[in-house]
>>> print(open('start-v4.csv').read())   # CSV, C-alpha atoms
chain,number,residue,atom,x,y,z
P,1,MET,CA,99.0,179.9,97.3
P,2,HIS,CA,99.1,179.4,101.1
P,3,ILE,CA,95.6,178.7,102.4
P,4,PRO,CA,95.1,178.3,106.1
P,5,ARG,CA,92.1,176.0,106.7
P,6,GLN,CA,89.8,178.7,108.1
P,7,PHE,CA,90.2,180.7,104.9
P,8,GLU,CA,89.7,177.8,102.4
P,9,GLU,CA,86.8,177.9,100.0
P,10,ALA,CA,86.3,174.7,98.1
P,11,ARG,CA,82.7,174.9,96.9
P,12,VAL,CA,82.8,174.9,93.1
P,13,ASP,CA,79.5,176.9,92.8
P,14,VAL,CA,80.9,179.6,95.1
P,15,LEU,CA,84.2,179.7,93.2
P,16,HIS,CA,82.4,179.9,89.9
P,17,ALA,CA,80.2,182.7,91.1
P,18,LEU,CA,83.3,184.9,91.9
P,19,MET,CA,84.8,184.0,88.5
P,20,ARG,CA,81.7,185.2,86.8
P,21,ASP,CA,81.2,188.3,88.9
P,22,TYR,CA,84.8,189.4,88.4
P,23,PRO,CA,85.8,188.0,85.0
P,24,PHE,CA,88.7,190.3,84.4
P,25,ALA,CA,91.6,188.1,85.5
P,26,SER,CA,95.4,187.5,85.2
P,27,LEU,CA,96.5,184.7,82.9
P,28,ILE,CA,99.9,183.4,84.0
P,29,THR,CA,101.7,181.2,81.5
P,30,SER,CA,105.2,179.7,80.9
P,31,GLY,CA,107.0,179.4,77.6
P,32,GLU,CA,110.5,179.6,76.1
P,33,SER,CA,110.7,183.3,77.1
P,34,GLY,CA,109.8,182.4,80.7
P,35,LEU,CA,106.8,183.5,82.7
P,36,ASP,CA,104.3,185.9,81.1
P,37,VAL,CA,101.3,187.6,82.6
P,38,ASN,CA,98.3,189.0,80.6
P,39,HIS,CA,95.2,190.7,82.0
P,40,LEU,CA,92.1,189.6,80.1
P,41,PRO,CA,88.3,189.1,80.4
P,42,PHE,CA,87.2,185.5,80.5
P,43,VAL,CA,84.1,183.5,79.8
P,44,LEU,CA,83.5,180.6,82.1
P,45,SER,CA,81.6,177.5,80.9
P,46,PRO,CA,80.5,175.0,83.6
P,47,THR,CA,81.5,172.0,81.4
P,48,PRO,CA,83.2,169.6,81.6
P,49,GLN,CA,82.4,169.1,85.3
P,50,PRO,CA,83.4,169.6,87.9
P,51,TYR,CA,85.6,172.6,87.2
P,52,GLY,CA,84.5,173.9,83.8
P,53,THR,CA,86.4,175.7,81.0
P,54,LEU,CA,87.8,179.2,80.6
P,55,ARG,CA,87.9,181.0,77.3
P,56,CYS,CA,89.5,184.3,76.3
P,57,HIS,CA,91.3,185.9,73.4
P,58,VAL,CA,94.4,187.9,72.8
P,59,ALA,CA,95.6,190.1,70.0
P,60,ARG,CA,97.4,188.2,67.3
P,61,ALA,CA,100.3,190.6,67.8
P,62,ASN,CA,100.6,189.5,71.4
P,63,PRO,CA,103.5,186.9,71.4
P,64,VAL,CA,102.0,185.0,74.4
P,65,TRP,CA,100.0,182.7,72.1
P,66,ARG,CA,103.0,181.6,70.1
P,67,ASP,CA,105.3,181.3,73.2
P,68,LEU,CA,103.1,179.6,75.8
P,69,SER,CA,103.7,175.9,76.5
P,70,THR,CA,100.6,173.8,75.8
P,71,SER,CA,102.2,170.9,77.7
P,72,MET,CA,102.4,172.9,81.0
P,73,GLU,CA,99.6,174.2,83.1
P,74,ALA,CA,98.6,177.8,83.1
P,75,VAL,CA,97.0,179.6,86.0
P,76,VAL,CA,94.3,182.2,85.9
P,77,VAL,CA,93.9,184.4,89.0
P,78,PHE,CA,90.5,186.0,89.7
P,79,HIS,CA,90.4,188.8,92.3
P,80,GLY,CA,87.1,189.5,94.2
P,81,PRO,CA,86.4,192.3,96.6
P,82,HIS,CA,89.2,193.3,98.9
P,83,THR,CA,90.0,196.1,101.4
P,84,TYR,CA,92.2,197.2,104.3
P,85,ILE,CA,91.0,196.2,107.8
P,86,SER,CA,91.9,198.6,110.6
P,87,PRO,CA,92.5,197.2,114.1
P,88,SER,CA,90.5,200.1,115.5
P,89,TRP,CA,87.3,198.4,114.2
P,90,TYR,CA,87.8,195.5,116.7
P,91,PRO,CA,86.1,195.8,120.0
P,92,SER,CA,88.9,193.7,121.4
P,93,LYS,CA,91.3,196.6,120.8
P,94,GLN,CA,89.7,198.3,123.8
P,95,GLU,CA,89.9,195.0,125.8
P,96,HIS,CA,93.6,194.1,125.4
P,97,GLY,CA,95.1,196.0,122.5
P,98,LYS,CA,96.6,192.9,121.0
P,99,VAL,CA,95.5,193.6,117.4
P,100,VAL,CA,97.2,194.6,114.1
P,101,PRO,CA,96.0,195.7,110.7
P,102,THR,CA,95.3,193.2,107.9
P,103,TRP,CA,93.7,192.9,104.5
P,104,ASN,CA,90.6,191.0,103.6
P,105,TYR,CA,90.1,189.5,100.2
P,106,ALA,CA,88.7,186.7,98.1
P,107,VAL,CA,90.6,185.1,95.2
P,108,VAL,CA,90.3,182.1,92.9
P,109,HIS,CA,93.3,180.3,91.3
P,110,ALA,CA,92.2,178.2,88.3
P,111,TYR,CA,94.6,175.8,86.7
P,112,GLY,CA,94.5,174.0,83.3
P,113,GLN,CA,96.4,173.1,80.2
P,114,PRO,CA,95.8,175.8,77.6
P,115,ARG,CA,95.2,175.3,73.9
P,116,ILE,CA,95.3,177.8,71.1
P,117,VAL,CA,92.2,178.3,68.9
P,118,GLU,CA,92.2,180.1,65.5
P,119,ASP,CA,88.9,178.9,64.2
P,120,ALA,CA,86.8,182.0,63.1
P,121,ASP,CA,83.5,180.6,64.1
P,122,TRP,CA,84.8,179.7,67.6
P,123,LEU,CA,86.3,183.2,68.0
P,124,THR,CA,83.0,184.8,66.8
P,125,GLY,CA,81.1,182.8,69.3
P,126,LEU,CA,83.5,183.9,72.1
P,127,VAL,CA,83.3,187.5,71.2
P,128,SER,CA,79.5,187.3,71.1
P,129,ALA,CA,79.5,185.6,74.5
P,130,LEU,CA,81.8,188.3,76.0
P,131,THR,CA,79.6,191.0,74.5
P,132,SER,CA,76.4,189.6,75.8
P,133,GLN,CA,77.9,189.1,79.2
P,134,HIS,CA,79.0,192.7,79.6
P,135,GLU,CA,76.3,194.5,77.6
P,136,SER,CA,73.4,192.9,79.4
P,137,GLU,CA,72.9,195.9,81.8
P,138,GLN,CA,73.1,198.6,79.1
P,139,ASN,CA,69.8,200.3,78.2
P,140,SER,CA,70.5,199.6,74.5
P,141,PRO,CA,72.9,196.6,74.4
P,142,TRP,CA,75.4,196.6,71.6
P,143,HIS,CA,75.5,193.4,69.5
P,144,VAL,CA,78.2,192.0,67.3
P,145,SER,CA,75.8,192.1,64.4
P,146,ASP,CA,75.5,195.9,64.9
P,147,ALA,CA,78.8,196.4,63.2
P,148,PRO,CA,79.4,195.7,59.4
P,149,ALA,CA,80.2,192.0,58.8
P,150,ASP,CA,83.4,192.7,56.9
P,151,PHE,CA,84.6,194.8,59.8
P,152,ILE,CA,83.9,192.1,62.3
P,153,ASP,CA,85.6,189.5,60.0
P,154,LYS,CA,88.7,191.8,60.0
P,155,MET,CA,88.6,192.1,63.8
P,156,ILE,CA,88.3,188.3,64.2
P,157,ARG,CA,91.3,187.7,62.0
P,158,SER,CA,93.3,190.0,64.4
P,159,ILE,CA,92.8,187.9,67.5
P,160,VAL,CA,93.6,184.4,68.7
P,161,GLY,CA,91.6,182.3,71.2
P,162,ILE,CA,92.9,180.5,74.3
P,163,GLU,CA,90.8,177.7,75.9
P,164,ILE,CA,91.7,176.2,79.3
P,165,PRO,CA,89.8,173.1,80.5
P,166,LEU,CA,90.2,173.4,84.2
P,167,ARG,CA,91.9,170.6,86.2
P,168,ARG,CA,91.7,172.3,89.6
P,169,ILE,CA,90.6,175.5,91.2
P,170,TYR,CA,91.4,176.9,94.7
P,171,GLY,CA,89.7,179.6,96.6
P,172,LYS,CA,90.9,181.8,99.5
P,173,TRP,CA,88.3,183.8,101.3
P,174,LYS,CA,90.1,185.8,104.0
P,175,GLN,CA,87.2,187.4,105.7
P,176,SER,CA,88.1,187.8,109.4
P,177,GLN,CA,87.3,184.2,110.2
P,178,ASN,CA,90.3,184.2,112.7
P,179,ARG,CA,88.6,187.0,114.7
P,180,SER,CA,86.0,186.8,117.4
P,181,LEU,CA,82.3,187.2,116.5
P,182,ALA,CA,82.3,190.6,118.1
P,183,ASP,CA,85.3,191.7,116.1
P,184,ARG,CA,83.8,190.5,112.9
P,185,HIS,CA,80.6,192.4,113.6
P,186,GLY,CA,82.7,195.5,114.3
P,187,VAL,CA,84.4,195.1,110.9
P,188,VAL,CA,81.1,194.7,109.1
P,189,ALA,CA,79.7,197.8,110.7
P,190,ALA,CA,82.8,199.9,109.8
P,191,LEU,CA,82.8,198.7,106.2
P,192,GLU,CA,79.1,199.4,105.8
P,193,ASN,CA,79.7,202.9,107.1
P,194,ARG,CA,82.5,203.4,104.6
P,195,GLY,CA,80.3,202.1,101.7
P,196,GLU,CA,82.4,199.0,101.2
P,197,HIS,CA,79.3,196.8,101.0
P,198,GLU,CA,80.8,193.9,98.9
P,199,VAL,CA,83.5,193.0,101.5
P,200,ALA,CA,81.0,193.5,104.3
P,201,GLU,CA,78.6,191.0,102.6
P,202,LEU,CA,81.4,188.5,102.2
P,203,ILE,CA,82.3,188.7,105.9
P,204,ARG,CA,78.6,188.4,106.8
P,205,ARG,CA,78.2,185.3,104.6
P,206,THR,CA,81.3,183.5,106.1
P,207,THR,CA,80.1,184.4,109.6
P,208,ASP,CA,76.7,182.9,108.9
P,209,SER,CA,77.9,179.8,107.1
>>> encode(input="start-v4.csv", output="structure tokens")
Amino acid sequence: MHIPRQFEEARVDVLHALMRDYPFASLITSGESGLDVNHLPFVLSPTPQPYGTLRCHVARANPVWRDLSTSMEAVVVFHGPHTYISPSWYPSKQEHGKVVPTWNYAVVHAYGQPRIVEDADWLTGLVSALTSQHESEQNSPWHVSDAPADFIDKMIRSIVGIEIPLRRIYGKWKQSQNRSLADRHGVVAALENRGEHEVAELIRRTTDS
């Protein structure tokens, strides 16, 4: 990923925050069949430091877990808020007209060597963690224990875990840092008017940092 210096985000806590807020990511692996891409929800553990560990699961019927190379790095791509940016939002358009459209976004690329996990207790723990993570805002959160034990055991046997201790993570926060302060304020105002508050907040944070 090409990262111009003004768009680079290297703070691990900031990268981890995006990975937790947007946990549905693309797992890109390489095996005998070539490159493969799977779209999965992940759980992030902060250990081992500094980059942590990603965990997910796939259906046992999915050939990725048999085909992926455990001797080569995999990459997981997390996409944060993103949107089109119109040049008409820049005050500088009225001054000189030398503006063009662009796209603002925040992404994290996380790299590590994957390993396959078939242990039932490990998988049950992962499923419980995923459930807790995504049920927390429900009025009546669903728990794994709500389903019959024999049914859960059957479901656990139908999945395979993938664990990726992270060796490096990169972040790209393209948030109008290459524009003037006036242009950035113009973009924030336009996005707020359109209800695109997440991208507006990211621009505001990078402007104030």
>>> closest_residue(input="start-v4.csv", among="P:Pro41, P:Pro114, P:Gly195, P:Pro48", to="Thr29 of chain P", atoms="all atoms listed in the file")
P:Pro114
>>> atom_distance(input="start-v4.csv", atom1="atom CA of Gly161 of chain P", atom2="atom CA of Ser132 of chain P")
17.5 Å
>>> residues_around(input="start-v4.csv", residues="Ile116 of chain P", least_positions_apart="6", cutoff="10 Å", atoms="all atoms listed in the file", output="PyMOL selection string")
chain P and resi 57+65-66+68+70+160-164
>>> residues_near_point(input="start-v4.csv", point="(99.8, 188.9, 78.6)", cutoff="12 Å", atoms="all atoms listed in the file", output="VMD selection string")
chain P and resid 25 to 31 35 to 41 56 to 68 76 162
>>> closest_residue(input="start-v4.csv", among="P:His185, P:Arg205, P:His79, P:Lys98", to="Arg20 of chain P", atoms="all atoms listed in the file")
P:His79
>>> atom_distance(input="start-v4.csv", atom1="atom CA of Asn139 of chain P", atom2="atom CA of Thr124 of chain P")
23.3 Å
>>> atom_distance(input="start-v4.csv", atom1="atom CA of Gly52 of chain P", atom2="atom CA of Arg204 of chain P")
27.8 Å
>>> closest_residue(input="start-v4.csv", among="P:Tyr51, P:Trp122, P:Phe78, P:Tyr90", to="Ser176 of chain P", atoms="all atoms listed in the file")
P:Tyr90
>>> residues_around(input="start-v4.csv", residues="Glu201 of chain P", least_positions_apart="4", cutoff="10 Å", atoms="all atoms listed in the file", output="list in words")
Pro81, Gln175, Val188, Leu191, Glu192, Glu196, His197, Arg205, Thr206 and Thr207 of chain P
>>> closest_residue(input="start-v4.csv", among="P:Ile203, P:Ile3, P:Leu130, P:Ala149", to="Leu44 of chain P", atoms="all atoms listed in the file")
P:Leu130
>>> residues_near_point(input="start-v4.csv", point="(91.5, 185.5, 96.7)", cutoff="6 Å", atoms="all atoms listed in the file", output="number ranges by chain")
P: 79, 105-108, 172-173
>>> write_last_selection(input="start-v4.csv", atoms="C-alpha atoms", output="PDB file, keeping the file's coordinate frame")
ATOM      1  CA  HIS P  79      90.400 188.800  92.300  1.00  0.00           C
ATOM      2  CA  TYR P 105      90.100 189.500 100.200  1.00  0.00           C
ATOM      3  CA  ALA P 106      88.700 186.700  98.100  1.00  0.00           C
ATOM      4  CA  VAL P 107      90.600 185.100  95.200  1.00  0.00           C
ATOM      5  CA  VAL P 108      90.300 182.100  92.900  1.00  0.00           C
ATOM      6  CA  LYS P 172      90.900 181.800  99.500  1.00  0.00           C
ATOM      7  CA  TRP P 173      88.300 183.800 101.300  1.00  0.00           C
TER       8      TRP P 173
END
>>> closest_residue(input="start-v4.csv", among="P:Trp103, P:Phe7, P:Tyr22, P:Trp89", to="Ala189 of chain P", atoms="only C-alpha atoms")
P:Trp89
